[in-house]
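Asker: run12.txt (compact mmCIF, C-alpha atoms and all ligand atoms) pasted underneath:
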# COMPACT_ATOMS: atom_id res chain seq x y z
CA MET U 135 -48.70 -15.86 -11.02
CA THR U 136 -48.80 -17.83 -14.27
CA MET U 137 -45.60 -17.91 -16.28
CA THR U 138 -45.78 -16.84 -19.92
CA GLY U 139 -43.53 -17.46 -22.89
CA ARG U 140 -41.72 -14.25 -22.00
CA ALA U 141 -40.82 -15.38 -18.47
CA LYS U 142 -37.38 -14.28 -17.27
CA LEU U 143 -35.24 -17.28 -16.30
CA ALA U 144 -32.64 -17.79 -13.57
CA GLY U 145 -31.65 -20.57 -11.20
CA VAL U 146 -29.02 -22.13 -8.96
CA MET U 147 -26.32 -24.57 -10.07
CA GLY U 148 -25.03 -26.94 -7.42
CA TRP U 149 -24.19 -30.60 -6.82
CA PRO U 150 -26.26 -31.67 -5.04
CA VAL U 151 -28.71 -28.79 -5.21
CA SER U 152 -31.74 -30.43 -3.62
CA HIS U 153 -31.15 -28.83 -0.20
CA SER U 154 -30.70 -25.30 -1.59
CA LEU U 155 -33.08 -22.73 -0.10
CA SER U 156 -32.52 -20.36 -3.03
CA PRO U 157 -35.48 -21.58 -5.14
CA VAL U 158 -37.80 -21.06 -2.14
CA LEU U 159 -36.36 -17.62 -1.51
CA HIS U 160 -36.39 -16.33 -5.10
CA GLY U 161 -39.74 -18.02 -5.76
CA HIS U 162 -41.26 -16.07 -2.89
CA TRP U 163 -39.93 -12.78 -4.26
CA LEU U 164 -41.17 -13.58 -7.79
CA ASP U 165 -44.64 -14.38 -6.41
CA SER U 166 -44.92 -11.45 -4.06
CA LEU U 167 -43.65 -8.96 -6.68
CA GLY U 168 -45.86 -10.48 -9.39
CA ILE U 169 -42.92 -10.99 -11.76
CA ASP U 170 -43.28 -13.15 -14.86
CA GLY U 171 -40.21 -15.29 -14.16
CA ALA U 172 -38.80 -18.55 -12.80
CA TYR U 173 -35.88 -19.52 -10.59
CA VAL U 174 -35.08 -23.21 -10.89
CA PRO U 175 -32.71 -25.70 -9.23
CA LEU U 176 -30.06 -26.90 -11.70
CA PRO U 177 -28.31 -30.08 -10.50
CA VAL U 178 -25.01 -30.01 -12.38
CA ALA U 179 -22.14 -32.43 -11.69
CA PRO U 180 -18.63 -30.93 -11.47
CA GLU U 181 -17.49 -32.51 -14.75
CA ASN U 182 -20.37 -30.79 -16.59
CA PHE U 183 -20.19 -27.44 -14.84
CA ALA U 184 -18.27 -25.33 -17.38
CA GLU U 185 -20.34 -26.66 -20.29
CA ALA U 186 -23.63 -26.12 -18.44
CA LEU U 187 -22.65 -22.59 -17.48
CA ARG U 188 -21.73 -21.74 -21.08
CA ALA U 189 -25.09 -23.10 -22.23
CA LEU U 190 -27.07 -20.61 -20.10
CA ALA U 191 -26.91 -17.83 -22.66
CA LYS U 192 -27.93 -20.21 -25.45
CA MET U 193 -31.05 -21.18 -23.49
CA GLY U 194 -32.10 -17.64 -22.73
CA PHE U 195 -31.21 -17.62 -19.02
CA ARG U 196 -30.44 -14.24 -17.49
CA GLY U 197 -28.08 -15.78 -14.98
CA VAL U 198 -27.62 -18.12 -12.04
CA ASN U 199 -26.40 -18.45 -8.53
CA VAL U 200 -23.56 -20.89 -8.12
CA THR U 201 -23.20 -22.94 -4.97
CA VAL U 202 -21.12 -25.80 -3.56
CA PRO U 203 -18.92 -27.20 -5.11
CA HIS U 204 -18.79 -24.86 -8.12
CA LYS U 205 -17.92 -21.41 -6.74
CA GLU U 206 -14.19 -21.59 -7.54
CA ALA U 207 -14.76 -23.22 -10.94
CA ALA U 208 -17.21 -20.43 -11.78
CA LEU U 209 -14.47 -17.85 -11.31
CA ALA U 210 -12.47 -19.55 -14.07
CA ALA U 211 -15.47 -20.23 -16.32
CA VAL U 212 -17.00 -16.75 -16.64
CA ASP U 213 -15.90 -14.26 -19.32
CA ALA U 214 -15.22 -11.59 -16.71
CA ALA U 215 -15.20 -11.65 -12.93
CA ASP U 216 -15.32 -8.39 -10.99
CA ALA U 217 -12.55 -7.34 -8.60
CA LEU U 218 -14.48 -8.51 -5.54
CA ALA U 219 -14.96 -12.04 -6.90
CA ARG U 220 -11.28 -12.20 -7.83
CA ARG U 221 -10.20 -11.16 -4.33
CA ILE U 222 -12.54 -13.70 -2.74
CA GLY U 223 -11.46 -16.32 -5.27
CA ALA U 224 -15.01 -17.46 -5.96
CA VAL U 225 -18.15 -16.49 -7.88
CA ASN U 226 -21.63 -17.02 -6.46
CA THR U 227 -23.65 -14.90 -8.92
CA VAL U 228 -23.44 -15.03 -12.72
CA ILE U 229 -25.15 -12.51 -14.98
CA VAL U 230 -25.68 -13.15 -18.70
CA GLY U 231 -25.23 -9.92 -20.66
CA ASP U 232 -27.27 -8.89 -23.71
CA ASP U 233 -24.28 -10.00 -25.80
CA GLY U 234 -24.34 -13.45 -24.14
CA LYS U 235 -21.16 -12.80 -22.14
CA LEU U 236 -21.03 -14.15 -18.57
CA THR U 237 -20.06 -11.79 -15.75
CA GLY U 238 -19.30 -13.18 -12.29
CA THR U 239 -19.50 -11.49 -8.94
CA ASN U 240 -19.60 -12.57 -5.31
CA THR U 241 -22.37 -11.30 -3.02
CA ASP U 242 -21.55 -13.40 0.07
CA GLY U 243 -19.63 -10.58 1.77
CA PHE U 244 -22.43 -8.13 0.94
CA GLY U 245 -24.96 -10.56 2.44
CA PHE U 246 -22.83 -10.98 5.54
CA LEU U 247 -22.54 -7.22 6.18
CA GLU U 248 -26.16 -6.42 5.32
CA ASN U 249 -27.20 -9.10 7.81
CA LEU U 250 -25.10 -7.46 10.54
CA LYS U 251 -26.50 -4.01 9.63
CA GLU U 252 -30.05 -5.31 9.83
CA GLY U 253 -29.57 -7.35 13.01
CA ALA U 254 -27.31 -4.91 14.87
CA PRO U 255 -27.85 -1.43 13.38
CA GLY U 256 -25.70 0.29 16.00
CA TRP U 257 -22.66 -1.93 15.49
CA ASN U 258 -19.61 0.02 14.29
CA PRO U 259 -17.02 -2.00 12.31
CA ALA U 260 -14.28 0.54 13.04
CA ALA U 261 -14.76 0.32 16.83
CA GLY U 262 -12.48 -2.65 17.48
CA PRO U 263 -11.01 -6.02 16.54
CA ALA U 264 -12.95 -8.81 14.84
CA VAL U 265 -12.21 -12.51 15.45
CA VAL U 266 -12.98 -14.84 12.54
CA LEU U 267 -13.10 -18.59 13.16
CA GLY U 268 -12.28 -20.60 10.02
CA ALA U 269 -10.38 -20.08 6.77
CA GLY U 270 -12.56 -21.78 4.13
CA GLY U 271 -14.44 -20.22 1.25
CA ALA U 272 -17.00 -18.53 3.47
CA ALA U 273 -14.26 -17.01 5.64
CA ARG U 274 -12.66 -15.35 2.60
CA ALA U 275 -15.87 -13.49 1.75
CA VAL U 276 -16.33 -12.48 5.40
CA VAL U 277 -12.74 -11.25 5.81
CA VAL U 278 -12.83 -9.24 2.55
CA ALA U 279 -16.08 -7.62 3.74
CA LEU U 280 -14.56 -6.79 7.13
CA ILE U 281 -11.40 -5.29 5.56
CA ASP U 282 -13.54 -3.13 3.25
CA ALA U 283 -15.82 -2.09 6.14
CA GLY U 284 -12.80 -0.64 7.97
CA VAL U 285 -12.30 -3.16 10.79
CA PRO U 286 -8.91 -2.15 12.26
CA ASP U 287 -7.72 -5.61 13.37
CA ILE U 288 -8.96 -8.93 12.00
CA ARG U 289 -7.83 -11.98 13.99
CA LEU U 290 -8.03 -15.12 11.94
CA THR U 291 -7.89 -18.52 13.58
CA ASN U 292 -8.25 -21.90 11.89
CA ARG U 293 -7.60 -25.53 12.80
CA THR U 294 -5.21 -25.73 9.84
CA ARG U 295 -3.02 -22.71 10.51
CA ASP U 296 -1.37 -22.77 7.05
CA ARG U 297 -4.70 -22.12 5.40
CA ALA U 298 -5.22 -19.02 7.56
CA GLU U 299 -1.65 -17.83 6.83
CA ARG U 300 -2.23 -18.22 3.10
CA MET U 301 -5.49 -16.31 3.28
CA ALA U 302 -3.91 -13.48 5.29
CA ARG U 303 -1.11 -13.23 2.71
CA ASP U 304 -3.53 -13.27 -0.23
CA LEU U 305 -5.94 -10.71 1.15
CA GLY U 306 -3.56 -8.22 2.77
CA GLY U 307 -5.14 -5.70 5.14
CA PRO U 308 -5.00 -5.73 8.95
CA VAL U 309 -5.25 -9.52 9.26
CA THR U 310 -3.29 -11.45 11.90
CA VAL U 311 -3.24 -15.23 12.37
CA HIS U 312 -3.75 -16.87 15.76
CA ASP U 313 -3.37 -20.52 16.76
CA TRP U 314 -6.61 -22.48 16.90
CA ASP U 315 -5.65 -23.50 20.44
CA ASP U 316 -5.59 -19.80 21.38
CA ARG U 317 -9.02 -18.97 19.95
CA GLY U 318 -10.45 -18.14 23.38
CA ALA U 319 -7.59 -15.75 24.21
CA ALA U 320 -7.96 -14.03 20.81
CA LEU U 321 -11.37 -12.75 21.97
CA ALA U 322 -9.85 -10.16 24.37
CA ASP U 323 -10.99 -6.61 23.39
CA ALA U 324 -12.96 -7.96 20.42
CA ASN U 325 -15.85 -5.99 18.94
CA LEU U 326 -17.08 -8.92 16.81
CA LEU U 327 -16.84 -12.72 16.78
CA VAL U 328 -17.88 -14.63 13.64
CA ASN U 329 -17.95 -18.39 13.17
CA THR U 330 -17.41 -19.34 9.52
CA THR U 331 -16.51 -22.98 10.20
CA THR U 332 -18.96 -25.82 9.79
CA LEU U 333 -18.68 -26.59 13.52
CA GLY U 334 -22.03 -26.39 15.30
CA MET U 335 -23.97 -27.21 12.13
CA THR U 336 -26.58 -29.96 12.44
CA GLY U 337 -24.75 -33.27 12.08
CA LYS U 338 -21.24 -31.79 12.54
CA ASP U 339 -18.97 -31.61 15.56
CA PRO U 340 -19.79 -28.95 18.14
CA LEU U 341 -17.83 -25.69 18.25
CA VAL U 342 -15.86 -25.64 21.48
CA ILE U 343 -14.73 -22.16 22.53
CA SER U 344 -14.54 -20.32 25.83
CA LEU U 345 -16.22 -16.91 25.64
CA ASP U 346 -14.77 -15.80 29.01
CA ALA U 347 -12.43 -13.22 27.43
CA LEU U 348 -15.08 -11.76 25.10
CA PRO U 349 -16.26 -8.24 26.08
CA GLY U 350 -19.97 -8.14 26.96
CA ALA U 351 -20.74 -5.60 24.22
CA ALA U 352 -19.11 -7.62 21.41
CA LEU U 353 -21.41 -8.70 18.60
CA VAL U 354 -21.52 -12.45 17.90
CA ASN U 355 -22.53 -13.90 14.52
CA ASP U 356 -22.58 -17.44 13.21
CA ILE U 357 -22.93 -18.01 9.49
CA VAL U 358 -24.31 -21.47 10.27
CA TYR U 359 -28.14 -21.32 10.08
CA ALA U 360 -29.00 -24.98 10.68
CA PRO U 361 -29.85 -24.95 13.54
CA LEU U 362 -31.13 -21.37 13.42
CA GLU U 363 -29.66 -20.72 16.87
CA THR U 364 -26.32 -22.49 17.17
CA GLU U 365 -24.80 -23.33 20.54
CA LEU U 366 -22.36 -20.44 20.02
CA LEU U 367 -25.20 -17.94 19.63
CA ALA U 368 -27.15 -19.42 22.54
CA ALA U 369 -24.07 -19.19 24.79
CA ALA U 370 -23.36 -15.61 23.66
CA ARG U 371 -26.98 -14.58 24.22
CA ALA U 372 -27.00 -16.21 27.68
CA ARG U 373 -24.05 -14.05 28.79
CA GLY U 374 -25.70 -10.90 27.40
CA ASN U 375 -23.84 -10.37 24.12
CA PRO U 376 -25.78 -9.02 21.15
CA VAL U 377 -26.15 -11.76 18.51
CA VAL U 378 -27.03 -11.91 14.81
CA TYR U 379 -28.33 -15.16 13.33
CA GLY U 380 -26.90 -16.76 10.21
CA LEU U 381 -30.01 -17.10 8.08
CA GLY U 382 -30.05 -13.41 7.18
CA MET U 383 -26.74 -13.70 5.29
CA LEU U 384 -28.36 -16.18 2.91
CA LEU U 385 -31.37 -13.91 2.41
CA HIS U 386 -29.33 -10.75 1.82
CA GLN U 387 -26.71 -12.32 -0.49
CA ALA U 388 -29.55 -13.17 -2.88
CA ARG U 389 -30.67 -9.55 -3.41
CA PRO U 390 -28.16 -8.32 -6.06
CA GLY U 391 -28.68 -11.36 -8.32
CA PHE U 392 -32.46 -11.09 -8.17
CA GLU U 393 -32.32 -7.41 -9.10
CA ALA U 394 -29.91 -8.06 -12.01
CA TRP U 395 -31.99 -10.90 -13.49
CA PHE U 396 -35.54 -9.79 -12.80
CA GLY U 397 -35.16 -5.99 -12.78
CA THR U 398 -36.66 -5.22 -9.36
CA PRO U 399 -34.77 -4.82 -6.06
CA PRO U 400 -36.25 -7.34 -3.60
CA GLN U 401 -36.48 -6.85 0.15
CA VAL U 402 -35.80 -9.06 3.13
CA THR U 403 -39.10 -8.75 4.97
CA PRO U 404 -40.65 -10.49 8.01
CA ASP U 405 -42.96 -12.16 5.47
CA LEU U 406 -39.97 -13.65 3.61
CA ARG U 407 -38.43 -14.88 6.86
CA ALA U 408 -41.73 -16.49 7.89
CA HIS U 409 -41.93 -18.19 4.48
CA ILE U 410 -38.39 -19.60 4.80
CA LEU U 411 -38.93 -20.69 8.41
CA ALA U 412 -42.17 -22.43 7.44
CA HIS U 413 -40.25 -24.23 4.70
CA LEU U 414 -37.62 -25.27 7.25
CA GLY U 415 -40.42 -26.60 9.43
CA GLN U 416 -39.84 -23.96 12.09
CA GLY U 417 -42.59 -21.49 11.31
P1 LIG V 1 -16.65 -23.28 3.35
O1 LIG V 1 -16.16 -23.06 1.95
O2 LIG V 1 -18.14 -23.45 3.46
O3 LIG V 1 -16.13 -22.29 4.32
P2 LIG V 1 -14.66 -25.31 3.86
O4 LIG V 1 -13.77 -24.67 2.85
O5 LIG V 1 -14.80 -26.78 3.87
O6 LIG V 1 -16.13 -24.75 3.76
O7 LIG V 1 -14.20 -24.79 5.29
C1 LIG V 1 -14.71 -25.32 6.45
C2 LIG V 1 -14.07 -24.60 7.65
O8 LIG V 1 -14.48 -25.29 8.85
C3 LIG V 1 -12.54 -24.62 7.63
O9 LIG V 1 -12.07 -23.47 8.28
C4 LIG V 1 -12.25 -25.88 8.46
O10 LIG V 1 -10.98 -25.92 9.04
P3 LIG V 1 -9.72 -26.56 8.23
O11 LIG V 1 -9.27 -25.49 7.28
O12 LIG V 1 -8.72 -26.86 9.29
O13 LIG V 1 -10.25 -27.78 7.55
C5 LIG V 1 -13.32 -25.76 9.53
N1 LIG V 1 -13.57 -27.04 10.20
C6 LIG V 1 -14.29 -28.08 9.71
N2 LIG V 1 -14.31 -29.10 10.60
C7 LIG V 1 -13.57 -28.69 11.67
C8 LIG V 1 -13.21 -29.29 12.93
N3 LIG V 1 -13.62 -30.52 13.28
N4 LIG V 1 -12.44 -28.55 13.79
C9 LIG V 1 -12.02 -27.31 13.45
N5 LIG V 1 -12.33 -26.69 12.29
C10 LIG V 1 -13.09 -27.37 11.41
Is it possible to give me this structure as structure tokens?
Ligand code: ATR
Answerer:
Amino acid sequence: MTMTGRAKLAGVMGWPVSHSLSPVLHGHWLDSLGIDGAYVPLPVAPENFAEALRALAKMGFRGVNVTVPHKEAALAAVDAADALARRIGAVNTVIVGDDGKLTGTNTDGFGFLENLKEGAPGWNPAAGPAVVLGAGGAARAVVVALIDAGVPDIRLTNRTRDRAERMARDLGGPVTVHDWDDRGAALADANLLVNTTTLGMTGKDPLVISLDALPGAALVNDIVYAPLETELLAAARARGNPVVYGLGMLLHQARPGFEAWFGTPPQVTPDLRAHILAHLGQG
């Protein structure tokens, strides 16, 4: 639809931001819902981030998503961050209040869980241990979501063990740390395996892990979505495990921000997926 002078404004701040799928995603929702609004890419260098974020209210923006490398800086720059963002240590969604104050939240864990619910509706978080590969920013959101969903035993394994230890200490809950070399053995009795590392992503090293110990009913998820089916997911599928693809986390994490800025709850539909896949050249 045509934008008017009353168009509601939002966007995504990142550096670089040119590869972000968020403008495609939000743009599709704005179009299909017929909303008078815009969601624009905002390339902002780290040294300008705090100033640019503060300027949003002055320019009439209703908020933004924040992506790499600004998520931690956003936590410090907002006027108030909710408890979830503080636990995760990062903000990915900023909402400008009517008074111009900036509120920060983090919807990555929400997106992660909603993706599992959509892709594996029968999966029960309380039914057994979860193994999480990686201890970066994405892992924190995933582990917080798993703790809150009632997973009884969360086995964290990371190349740099210290980072996993620190995260386990920070987050509390039923989190245990396992050596990266023992990642295959950590899969015994697991009910879920999630890769949050960058391994297996297009252009990165492959993820090497033996799935021999993984129960056949365990759900396997990779938050990597380029390629759409990583080698981990292909291997899990080949041995009969249920799998959930990574792209859905990106789609679902965008829902709360869109609703806050534009006033309508959007849905993750087959039409949206087709639109994103076409954009990725895989439609
Ligand atoms: P993000 O915030 O997106 O999670 P990150 O903080 O850079 O990104 O974390 C990347 C994750 O991939 C980390 O768990 C990292 O392990 P380290 O903490 O040891 O760096 C993991 N990772 C990246 N390259 C890896 C490799 N070659 N082997 C094992 N793990 C790797």
Asker: Give me the residues near Val276 (chain U) as a PDB file with C-alpha atoms, in the frame of the given file, where near means some atom within 8 Å (using all atoms listed in the file) and where sequence neighbours in that chain fewer than 4 positions away do not count.
Answerer:
ATOM      1  CA  ASP U 242     -21.550 -13.400   0.070  1.00  0.00           C
ATOM      2  CA  GLY U 243     -19.630 -10.580   1.770  1.00  0.00           C
ATOM      3  CA  PHE U 246     -22.830 -10.980   5.540  1.00  0.00           C
ATOM      4  CA  ALA U 272     -17.000 -18.530   3.470  1.00  0.00           C
ATOM      5  CA  LEU U 280     -14.560  -6.790   7.130  1.00  0.00           C
TER       6      LEU U 280
END
Asker: Find the residues near Lys192 (chain U): any atom within 12 Å, counting only C-alpha atoms, skip ones fewer than 3 places away on the same chain, and give them as a ChimeraX atom specification.
Answerer: /U:185-189,195-197,230-236
Asker: Quick one: everything within 8 Å of Pro340 (chain U), counting all atoms listed in the file, minus sequence neighbours fewer than 6 positions away in the same chain. Send it as a PyMOL selection string.
Answerer: chain U and resi 333-334+365
Asker: Tell me, as an MDAnalysis selection string, which residues lie within 12 Å of Leu164 (chain U), counting only C-alpha atoms; anything in the same chain fewer than 4 positions away does not count.
Answerer: chainID U and resid 135:137 141:144 156:160 168:174 392:393 395:401 406
Asker: With C-alpha atoms retained, export the selected residues as a JSON list (two decimals), keeping the file's coordinate frame.
Answerer:
[["chain", "number", "residue", "atom", "x", "y", "z"],
["U", 135, "MET", "CA", -48.70, -15.86, -11.02],
["U", 136, "THR", "CA", -48.80, -17.83, -14.27],
["U", 137, "MET", "CA", -45.60, -17.91, -16.28],
["U", 141, "ALA", "CA", -40.82, -15.38, -18.47],
["U", 142, "LYS", "CA", -37.38, -14.28, -17.27],
["U", 143, "LEU", "CA", -35.24, -17.28, -16.30],
["U", 144, "ALA", "CA", -32.64, -17.79, -13.57],
["U", 156, "SER", "CA", -32.52, -20.36, -3.03],
["U", 157, "PRO", "CA", -35.48, -21.58, -5.14],
["U", 158, "VAL", "CA", -37.80, -21.06, -2.14],
["U", 159, "LEU", "CA", -36.36, -17.62, -1.51],
["U", 160, "HIS", "CA", -36.39, -16.33, -5.10],
["U", 168, "GLY", "CA", -45.86, -10.48, -9.39],
["U", 169, "ILE", "CA", -42.92, -10.99, -11.76],
["U", 170, "ASP", "CA", -43.28, -13.15, -14.86],
["U", 171, "GLY", "CA", -40.21, -15.29, -14.16],
["U", 172, "ALA", "CA", -38.80, -18.55, -12.80],
["U", 173, "TYR", "CA", -35.88, -19.52, -10.59],
["U", 174, "VAL", "CA", -35.08, -23.21, -10.89],
["U", 392, "PHE", "CA", -32.46, -11.09, -8.17],
["U", 393, "GLU", "CA", -32.32, -7.41, -9.10],
["U", 395, "TRP", "CA", -31.99, -10.90, -13.49],
["U", 396, "PHE", "CA", -35.54, -9.79, -12.80],
["U", 397, "GLY", "CA", -35.16, -5.99, -12.78],
["U", 398, "THR", "CA", -36.66, -5.22, -9.36],
["U", 399, "PRO", "CA", -34.77, -4.82, -6.06],
["U", 400, "PRO", "CA", -36.25, -7.34, -3.60],
["U", 401, "GLN", "CA", -36.48, -6.85, 0.15],
["U", 406, "LEU", "CA", -39.97, -13.65, 3.61]]
Asker: Would you name the residues within 7 Å of ligand LIG 1 (chain V), counting all atoms listed in the file, and put them as JSON, numbers by chain?
Answerer: {"U": [267, 268, 269, 270, 271, 272, 273, 292, 293, 294, 297, 330, 331, 332, 333, 339]}
Asker: Nearest residue to Ala388 (chain U) out of U:Ala211, U:Ala368, U:Ala217, U:Val198, using all atoms listed in the file?
Answerer: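 Closest candidate: U:Val198.
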Asker: With all atoms listed in the file as the counted atoms, please give the residues lying no more than 10 Å from Gly148 (chain U), apart from itself and same-chain residues fewer than 3 positions off, as a ChimeraX atom specification.
Answerer: /U:145,151-154,175-180,183,199-205
Asker: Which value, in Å to one decimal, gives the distance between CA of Gly284 (chain U) and CA of Leu250 (chain U)?
Answerer: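 These atoms are spaced 14.3 Å apart.
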Asker: Would you compute the distance between CA of Val377 (chain U) and CA of Met335 (chain U)? Give it in Å to one decimal.
Answerer: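 Computing the Euclidean distance for CA of Val377 (chain U) and CA of Met335 (chain U) yields 16.9 Å.
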Asker: For the interface of region 340-390 of chain U with region 312-327 of chain U (cut-off 6 Å, counting only C-alpha atoms), please tabulate each contacting residue of region 340-390 of chain U alongside its nearest pair of atoms and their separation in Å to one decimal, rows sorted by chain and increasing number, as CSV.
Answerer:
residue,atom,partner,partner_atom,distance
U:Ile343,CA,U:Gly318,CA,5.9
U:Ser344,CA,U:Gly318,CA,5.2
U:Ala347,CA,U:Ala322,CA,5.0
U:Leu348,CA,U:Leu321,CA,5.0
U:Ala352,CA,U:Asn325,CA,4.4
U:Leu353,CA,U:Leu326,CA,4.7
U:Val354,CA,U:Leu327,CA,4.8
Asker: Tell me which of U:Leu341, U:Arg303, U:Leu247, U:Gly380 sits closest to Arg221 (chain U), counting only C-alpha atoms.
Answerer: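 Smallest separation from Arg221 (chain U) among the options: U:Arg303.
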